[in-house]
file my_file.txt (compact mmCIF, C-alpha atoms)
# COMPACT_ATOMS: atom_id res chain seq x y z
CA MET P 1 14.50 -14.74 -12.19
CA PRO P 2 17.57 -15.40 -10.01
CA LEU P 3 18.53 -11.74 -10.42
CA VAL P 4 15.21 -10.67 -8.89
CA ASP P 5 15.55 -13.26 -6.12
CA ASP P 6 19.03 -12.06 -5.25
CA PHE P 7 17.80 -8.48 -5.12
CA LEU P 8 14.74 -9.19 -2.93
CA LEU P 9 16.36 -11.71 -0.59
CA PRO P 10 17.47 -9.22 2.13
CA TYR P 11 14.00 -7.64 2.29
CA ASP P 12 10.82 -8.94 3.90
CA VAL P 13 7.38 -9.00 2.33
CA GLY P 14 6.30 -5.84 4.16
CA GLN P 15 9.11 -3.82 2.62
CA ALA P 16 8.30 -5.14 -0.84
CA LEU P 17 4.62 -4.29 -0.36
CA LEU P 18 5.57 -0.82 0.82
CA LEU P 19 7.60 -0.28 -2.34
CA VAL P 20 4.73 -1.46 -4.54
CA PHE P 21 2.34 0.78 -2.57
CA ALA P 22 4.56 3.82 -3.13
CA ILE P 23 4.80 3.09 -6.85
CA ALA P 24 1.01 2.60 -7.03
CA VAL P 25 0.33 5.91 -5.27
CA LEU P 26 2.70 7.77 -7.59
CA SER P 27 1.14 6.17 -10.65
CA ILE P 28 -2.41 7.01 -9.47
CA ILE P 29 -1.39 10.62 -8.90
CA ALA P 30 0.36 10.86 -12.27
CA ARG P 31 -2.21 9.06 -14.41
CA TYR P 32 -5.63 9.69 -12.92
CA LYS P 33 -5.15 12.80 -10.75
CA SER P 34 -8.18 11.65 -8.78
CA ARG P 35 -8.47 11.66 -5.03
CA GLN P 36 -11.21 9.03 -5.23
CA MET P 37 -8.83 6.62 -6.99
CA LEU P 38 -6.16 7.45 -4.43
CA ALA P 39 -8.62 6.65 -1.64
CA ALA P 40 -9.44 3.33 -3.29
CA GLY P 41 -5.74 2.55 -3.49
CA PHE P 42 -5.33 3.37 0.19
CA LEU P 43 -8.20 1.04 1.08
CA VAL P 44 -6.89 -1.83 -1.04
CA TYR P 45 -3.34 -1.59 0.27
CA GLY P 46 -4.62 -1.12 3.81
CA LEU P 47 -6.41 -4.45 3.50
CA ILE P 48 -3.34 -6.06 1.95
CA PHE P 49 -1.12 -4.86 4.80
CA ILE P 50 -3.59 -6.08 7.42
CA LEU P 51 -4.14 -9.48 5.79
CA THR P 52 -0.43 -10.19 5.33
CA PRO P 53 0.52 -13.00 7.73
CA PRO P 54 2.62 -11.87 10.71
CA SER P 55 5.28 -14.43 9.86
CA LEU P 56 6.01 -12.61 6.59
CA ALA P 57 5.90 -8.97 7.74
CA PRO P 58 6.56 -7.25 11.09
CA LEU P 59 3.70 -5.92 13.21
CA HIS P 60 4.19 -2.27 12.29
CA TYR P 61 2.96 -2.97 8.75
CA LYS P 62 -0.41 -3.97 10.25
CA PHE P 63 -0.55 -0.58 11.97
CA LEU P 64 0.19 1.03 8.61
CA GLY P 65 -2.70 -0.99 7.17
CA PHE P 66 -5.07 0.28 9.87
CA ALA P 67 -3.93 3.85 9.22
CA LEU P 68 -4.54 3.44 5.49
CA LEU P 69 -8.00 2.01 6.19
CA VAL P 70 -8.80 5.12 8.22
CA LEU P 71 -7.29 7.56 5.72
CA GLY P 72 -8.92 6.00 2.65
CA PRO P 73 -12.54 6.90 3.49
CA MET P 74 -11.45 10.32 4.77
CA ILE P 75 -9.77 11.12 1.46
CA TYR P 76 -12.77 9.76 -0.47
CA VAL P 77 -15.26 11.91 1.45
CA THR P 78 -13.21 15.09 1.08
CA SER P 79 -12.62 14.57 -2.66
CA ASP P 80 -14.51 16.45 -5.34
CA SER P 81 -17.15 14.54 -7.24

call {"tool": "encode", "arguments": {"input": "my_file.txt", "output": "structure tokens"}}
result
Amino acid sequence: MPLVDDFLLPYDVGQALLLVFAIAVLSIIARYKSRQMLAAGFLVYGLIFILTPPSLAPLHYKFLGFALLVLGPMIYVTSDS
């Protein structure tokens, strides 16, 4: 565990969440190939970015969360059934 702590120490929570979000998006695209699942991922991570306390992540991650909350339903509606 100290190896992980030493690696993540220079980064804030927002950067770690952004990395996990990128990995989640790539895995959804690779495994499911579904735009509806991608939209659900956008919605979930949008909520996570918005609900992250401001003391742990800078303000621009909240704006990213709002953008993901707007993009999620748009992707869901335009996806094939």

call {"tool": "residues_around", "arguments": {"input": "my_file.txt", "residues": "Ala40 (chain P)", "least_positions_apart": "6", "cutoff": "12 Å", "atoms": "all atoms listed in the file", "output": "count of residues only"}}
result
17

call {"tool": "atom_distance", "arguments": {"input": "my_file.txt", "atom1": "CA of Gln15 (chain P)", "atom2": "CA of Thr78 (chain P)"}}
result
29.3 Å

call {"tool": "closest_residue", "arguments": {"input": "my_file.txt", "among": "P:Leu17, P:Arg31, P:Asp80, P:Leu38", "to": "Lys62 (chain P)", "atoms": "all atoms listed in the file"}}
result
P:Leu17

call {"tool": "atom_distance", "arguments": {"input": "my_file.txt", "atom1": "CA of Phe21 (chain P)", "atom2": "CA of Phe66 (chain P)"}}
result
14.5 Å

call {"tool": "atom_distance", "arguments": {"input": "my_file.txt", "atom1": "CA of Val13 (chain P)", "atom2": "CA of Pro58 (chain P)"}}
result
9.0 Å

call {"tool": "closest_residue", "arguments": {"input": "my_file.txt", "among": "P:Leu64, P:Leu3, P:Ile29, P:Leu18", "to": "Ile50 (chain P)", "atoms": "all atoms listed in the file"}}
result
P:Leu64

call {"tool": "closest_residue", "arguments": {"input": "my_file.txt", "among": "P:Gly41, P:Phe49, P:His60, P:Asp5", "to": "Ile23 (chain P)", "atoms": "only C-alpha atoms"}}
result
P:Gly41

call {"tool": "decode", "arguments": {"input": "my_file.txt", "residues": "region 5-80 of chain P", "atoms": "C-alpha atoms", "output": "compact mmCIF listing (two decimals), in the first residue's frame"}}
result
# COMPACT_ATOMS: atom_id res chain seq x y z
CA ASP P 5 0.32 6.13 -1.60
CA ASP P 6 3.67 7.37 -2.86
CA PHE P 7 2.40 7.29 -6.43
CA LEU P 8 -0.89 9.13 -5.72
CA LEU P 9 0.48 11.68 -3.25
CA PRO P 10 1.24 14.46 -5.80
CA TYR P 11 -2.24 14.19 -7.35
CA ASP P 12 -5.57 15.45 -6.04
CA VAL P 13 -8.81 13.49 -5.91
CA GLY P 14 -10.12 15.12 -9.09
CA GLN P 15 -7.17 13.88 -11.12
CA ALA P 16 -7.56 10.37 -9.73
CA LEU P 17 -11.29 10.41 -10.54
CA LEU P 18 -10.51 11.63 -14.05
CA LEU P 19 -8.13 8.71 -14.55
CA VAL P 20 -10.72 6.22 -13.29
CA PHE P 21 -13.34 7.86 -15.54
CA ALA P 22 -11.10 7.50 -18.60
CA ILE P 23 -10.42 3.85 -17.80
CA ALA P 24 -14.16 3.24 -17.27
CA VAL P 25 -15.07 4.85 -20.60
CA LEU P 26 -12.46 2.78 -22.45
CA SER P 27 -13.65 -0.41 -20.78
CA ILE P 28 -17.32 0.33 -21.59
CA ILE P 29 -16.41 0.95 -25.22
CA ALA P 30 -14.28 -2.20 -25.43
CA ARG P 31 -16.56 -4.59 -23.56
CA TYR P 32 -20.15 -3.51 -24.17
CA LYS P 33 -19.94 -1.36 -27.33
CA SER P 34 -23.17 0.27 -26.18
CA ARG P 35 -23.90 3.96 -26.25
CA GLN P 36 -26.57 3.49 -23.59
CA MET P 37 -23.98 2.07 -21.17
CA LEU P 38 -21.63 4.91 -22.08
CA ALA P 39 -24.39 7.40 -21.31
CA ALA P 40 -24.99 5.73 -17.95
CA GLY P 41 -21.27 5.98 -17.20
CA PHE P 42 -21.31 9.67 -18.09
CA LEU P 43 -24.23 10.26 -15.74
CA VAL P 44 -22.66 8.36 -12.86
CA TYR P 45 -19.29 10.06 -13.16
CA GLY P 46 -20.98 13.43 -13.68
CA LEU P 47 -22.68 12.98 -10.32
CA ILE P 48 -19.44 11.82 -8.72
CA PHE P 49 -17.57 14.88 -10.00
CA ILE P 50 -20.33 17.22 -8.79
CA LEU P 51 -20.65 15.61 -5.36
CA THR P 52 -16.90 15.59 -4.69
CA PRO P 53 -16.21 18.13 -1.92
CA PRO P 54 -14.48 21.31 -3.14
CA SER P 55 -11.71 20.83 -0.59
CA LEU P 56 -10.63 17.63 -2.36
CA ALA P 57 -10.90 18.70 -6.02
CA PRO P 58 -10.66 22.07 -7.81
CA LEU P 59 -13.75 23.81 -9.14
CA HIS P 60 -13.19 22.89 -12.78
CA TYR P 61 -14.00 19.25 -12.00
CA LYS P 62 -17.51 20.37 -10.99
CA PHE P 63 -17.88 21.99 -14.40
CA LEU P 64 -16.78 18.70 -15.97
CA GLY P 65 -19.46 16.98 -13.89
CA PHE P 66 -22.14 19.36 -15.18
CA ALA P 67 -20.96 18.78 -18.75
CA LEU P 68 -21.13 15.02 -18.27
CA LEU P 69 -24.63 15.34 -16.81
CA VAL P 70 -25.70 17.21 -19.95
CA LEU P 71 -23.93 14.85 -22.36
CA GLY P 72 -25.18 11.64 -20.73
CA PRO P 73 -28.88 12.04 -21.60
CA MET P 74 -27.98 13.38 -25.05
CA ILE P 75 -25.93 10.27 -25.81
CA TYR P 76 -28.68 8.03 -24.39
CA VAL P 77 -31.39 9.61 -26.54
CA THR P 78 -29.34 9.41 -29.73
CA SER P 79 -28.32 5.78 -29.15
CA ASP P 80 -29.90 2.87 -30.96
